[in-house]
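Q: Provided herewith: protein-v6.pdb, PDB, C-alpha atoms.
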```
MODEL        1
ATOM      1  CA  MET C  78     124.717  66.972  89.183
ATOM      2  CA  VAL C  79     124.400  65.199  92.501
ATOM      3  CA  LEU C  80     122.498  66.934  95.290
ATOM      4  CA  VAL C  81     123.627  66.143  98.818
ATOM      5  CA  TYR C  82     121.362  67.213 101.648
ATOM      6  CA  GLN C  83     123.607  67.113 104.697
ATOM      7  CA  TYR C  84     124.080  68.580 108.140
ATOM      8  CA  PRO C  85     127.530  70.139 108.649
ATOM      9  CA  LYS C  86     127.850  68.849 112.238
ATOM     10  CA  CYS C  87     127.036  65.257 111.206
ATOM     11  CA  SER C  88     130.096  62.982 111.075
ATOM     12  CA  THR C  89     128.323  60.577 108.701
ATOM     13  CA  CYS C  90     127.648  63.469 106.334
ATOM     14  CA  ARG C  91     131.282  64.537 106.482
ATOM     15  CA  SER C  92     132.319  60.958 105.638
ATOM     16  CA  ALA C  93     129.972  60.925 102.654
ATOM     17  CA  LEU C  94     131.268  64.268 101.366
ATOM     18  CA  ARG C  95     134.844  63.059 101.815
ATOM     19  CA  TRP C  96     133.986  59.924  99.781
ATOM     20  CA  LEU C  97     132.461  62.052  97.008
ATOM     21  CA  ASP C  98     135.498  64.353  96.959
ATOM     22  CA  THR C  99     137.955  61.439  96.922
ATOM     23  CA  HIS C 100     136.100  59.778  94.057
ATOM     24  CA  GLY C 101     135.757  62.953  92.000
ATOM     25  CA  VAL C 102     131.971  63.121  92.091
ATOM     26  CA  ALA C 103     130.676  66.646  91.535
ATOM     27  CA  TYR C 104     127.921  67.623  93.928
ATOM     28  CA  GLN C 105     125.956  70.506  95.328
ATOM     29  CA  SER C 106     125.852  70.480  99.122
ATOM     30  CA  ILE C 107     122.675  71.707 100.806
ATOM     31  CA  ASP C 108     122.277  72.179 104.557
ATOM     32  CA  ILE C 109     119.355  69.880 105.340
ATOM     33  CA  VAL C 110     118.338  71.896 108.413
ATOM     34  CA  ALA C 111     118.516  75.346 106.820
ATOM     35  CA  ALA C 112     116.901  74.194 103.548
ATOM     36  CA  PRO C 113     115.147  70.839 103.927
ATOM     37  CA  PRO C 114     114.005  69.125 100.752
ATOM     38  CA  SER C 115     110.514  70.063  99.631
ATOM     39  CA  LEU C 116     107.507  67.791  99.807
ATOM     40  CA  THR C 117     107.823  67.286  96.036
ATOM     41  CA  VAL C 118     111.485  66.268  96.291
ATOM     42  CA  LEU C 119     110.762  63.921  99.192
ATOM     43  CA  GLY C 120     107.907  62.338  97.247
ATOM     44  CA  LYS C 121     110.302  61.663  94.363
ATOM     45  CA  VAL C 122     112.883  60.266  96.790
ATOM     46  CA  LEU C 123     110.283  57.917  98.234
ATOM     47  CA  ARG C 124     109.180  56.722  94.779
ATOM     48  CA  ASP C 125     112.723  56.334  93.428
ATOM     49  CA  SER C 126     114.073  54.565  96.511
ATOM     50  CA  GLY C 127     111.272  52.030  96.605
ATOM     51  CA  ALA C 128     111.704  51.911 100.374
ATOM     52  CA  PRO C 129     109.041  52.527 103.018
ATOM     53  CA  VAL C 130     108.698  56.117 104.202
ATOM     54  CA  SER C 131     110.004  55.133 107.648
ATOM     55  CA  THR C 132     113.506  54.649 106.175
ATOM     56  CA  LEU C 133     113.674  58.387 105.461
ATOM     57  CA  PHE C 134     113.443  59.210 109.158
ATOM     58  CA  ASN C 135     116.507  59.832 111.322
ATOM     59  CA  ARG C 136     115.415  57.377 114.004
ATOM     60  CA  SER C 137     118.326  58.212 116.283
ATOM     61  CA  GLY C 138     117.656  61.938 116.272
ATOM     62  CA  GLN C 139     116.253  64.093 119.031
ATOM     63  CA  ALA C 140     113.459  65.475 116.818
ATOM     64  CA  TYR C 141     112.285  61.927 116.070
ATOM     65  CA  ARG C 142     112.219  60.984 119.742
ATOM     66  CA  GLN C 143     110.654  64.240 120.934
ATOM     67  CA  GLY C 144     107.982  64.033 118.249
ATOM     68  CA  ASN C 145     107.177  60.438 119.240
ATOM     69  CA  PHE C 146     107.485  59.408 115.597
ATOM     70  CA  LYS C 147     108.170  55.783 116.507
ATOM     71  CA  GLU C 148     104.515  55.527 117.518
ATOM     72  CA  ARG C 149     103.069  58.236 115.280
ATOM     73  CA  LEU C 150     104.420  56.698 112.076
ATOM     74  CA  LYS C 151     102.286  53.600 112.607
ATOM     75  CA  GLY C 152      99.144  55.630 111.933
ATOM     76  CA  MET C 153     100.489  58.225 109.499
ATOM     77  CA  SER C 154      99.903  58.222 105.777
ATOM     78  CA  ASP C 155     102.955  58.561 103.547
ATOM     79  CA  GLY C 156     101.779  62.080 102.693
ATOM     80  CA  ASP C 157     101.610  63.118 106.339
ATOM     81  CA  ALA C 158     105.007  61.551 107.037
ATOM     82  CA  LEU C 159     106.569  63.343 104.072
ATOM     83  CA  ALA C 160     105.022  66.631 105.211
ATOM     84  CA  ALA C 161     106.607  66.172 108.654
ATOM     85  CA  LEU C 162     109.985  65.508 107.022
ATOM     86  CA  ALA C 163     109.695  68.553 104.762
ATOM     87  CA  ALA C 164     108.902  70.715 107.790
ATOM     88  CA  ASP C 165     111.937  69.637 109.839
ATOM     89  CA  GLY C 166     115.221  68.685 108.182
ATOM     90  CA  LYS C 167     116.499  67.165 111.426
ATOM     91  CA  LEU C 168     113.903  64.416 111.045
ATOM     92  CA  ILE C 169     115.488  63.240 107.792
ATOM     93  CA  LYS C 170     118.108  60.505 107.798
ATOM     94  CA  ARG C 171     121.244  61.965 106.364
ATOM     95  CA  PRO C 172     122.973  62.434 104.143
ATOM     96  CA  LEU C 173     120.313  62.311 101.485
ATOM     97  CA  VAL C 174     121.915  61.986  98.057
ATOM     98  CA  ILE C 175     119.903  62.524  94.906
ATOM     99  CA  SER C 176     121.239  61.987  91.395
ATOM    100  CA  SER C 177     119.902  60.853  88.052
ATOM    101  CA  ARG C 178     121.295  57.387  88.835
ATOM    102  CA  ALA C 179     120.395  56.898  92.465
ATOM    103  CA  VAL C 180     118.718  58.019  95.638
ATOM    104  CA  LEU C 181     120.821  57.165  98.684
ATOM    105  CA  VAL C 182     119.819  57.631 102.299
ATOM    106  CA  GLY C 183     122.629  57.511 104.841
ATOM    107  CA  PHE C 184     126.209  56.599 103.981
ATOM    108  CA  ASP C 185     127.610  53.247 103.006
ATOM    109  CA  ALA C 186     130.838  53.337 100.970
ATOM    110  CA  ASP C 187     130.010  50.148  99.045
ATOM    111  CA  ARG C 188     126.562  51.434  98.047
ATOM    112  CA  TYR C 189     128.055  54.770  97.028
ATOM    113  CA  ALA C 190     130.670  52.986  94.898
ATOM    114  CA  SER C 191     128.111  50.799  93.151
ATOM    115  CA  ARG C 192     125.565  53.576  92.566
ATOM    116  CA  LEU C 193     127.740  56.694  92.134
ATOM    117  CA  GLY C 194     131.163  55.341  91.176
ATOM    118  CA  ALA C 195     130.728  56.127  87.495
ATOM    119  CA  LEU C 196     129.952  59.804  88.141
ATOM    120  CA  ARG C 197     133.357  61.398  87.754
ATOM    121  CA  SER C 198     134.056  65.043  87.094
ATOM    122  CA  SER C 199     136.875  67.486  86.740
ATOM    123  CA  ARG C 200     136.065  68.869  90.171
TER     124      ARG C 200
ENDMDL
END
```
Please lay out the structure from this file as structure tokens.
A:
Amino acid sequence: MVLVYQYPKCSTCRSALRWLDTHGVAYQSIDIVAAPPSLTVLGKVLRDSGAPVSTLFNRSGQAYRQGNFKERLKGMSDGDALAALAADGKLIKRPLVISSRAVLVGFDADRYASRLGALRSSR
């Protein structure tokens, strides 16, 4: 099963869900603001993605700007950064897609096709 942490008002999230629907990928949709991923889940995402923790932040979001995370991240440990993300789903770049095959942050149709294309269902 694919987990998709998304924000219903986010057009990028809607595009990602549309792509998953069109390509027959079964998923569970979770409102990232109402139920942000836990610190444990975010730690796994960070490990599995192999990317720096800063890539998990929604750098264009109001919460990021208001929290001055552009500057704060420079001195934060990964643990502190992940704790901030777990505390506020609006800080997380979305959608956040987690499956046994991939961890995807944001939406890019080509990346989705290469990483999730083989996950078909009878949805």
Q: If the PyMOL selection byres ((chain C and resi 166-183) around 6) were run on this exact file, what residues would it hold? Put them as a list in words.
A: Val79, Leu80, Val81, Tyr82, Gln83, Cys90, Ile109, Val110, Pro113, Ser126, Leu133, Phe134, Asn135, Ala140, Tyr141, Leu162, Asp165 and Phe184 of chain C
Q: In Å, rounded to a single decimal, give me how far CA of Ala163 in chain C is from CA of Ser115 in chain C.
A: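 It comes out at 5.4 Å.
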Q: Using all atoms listed in the file - which residues lie no farther than 9 Å from the point (106.9, 59.9, 111.8) in the file's frame? Write them as a VMD selection string.
A: chain C and resid 130 to 131 134 141 144 to 153 157 to 159 161 to 162 168
Q: Quote the spacing between CA of Ser106 in chain C and CA of Leu94 in chain C in Å to one decimal place.
A: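 Distance between the two atoms: 8.5 Å.
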Q: Compare C:Ala190, C:Thr89, C:Asp98, C:Ala164 by their minimum atom-to-atom distance to Pro114 in chain C, counting all atoms listed in the file, and give me the closest one.
A: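 Going through C:Ala190, C:Thr89, C:Asp98, C:Ala164 one by one, the smallest distance to Pro114 in chain C is for C:Ala164.
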Q: Between CA of Pro129 in chain C and CA of Asp155 in chain C, what is the distance, to one decimal in Å?
A: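 Those two atoms sit 8.6 Å apart.
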Q: Determine the nearest neighbour of Thr132 in chain C from the options C:Met78, C:Ile107, C:Leu119, C:Leu193, counting all atoms listed in the file.
A: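 Under the stated criterion, the closest residue is C:Leu119.
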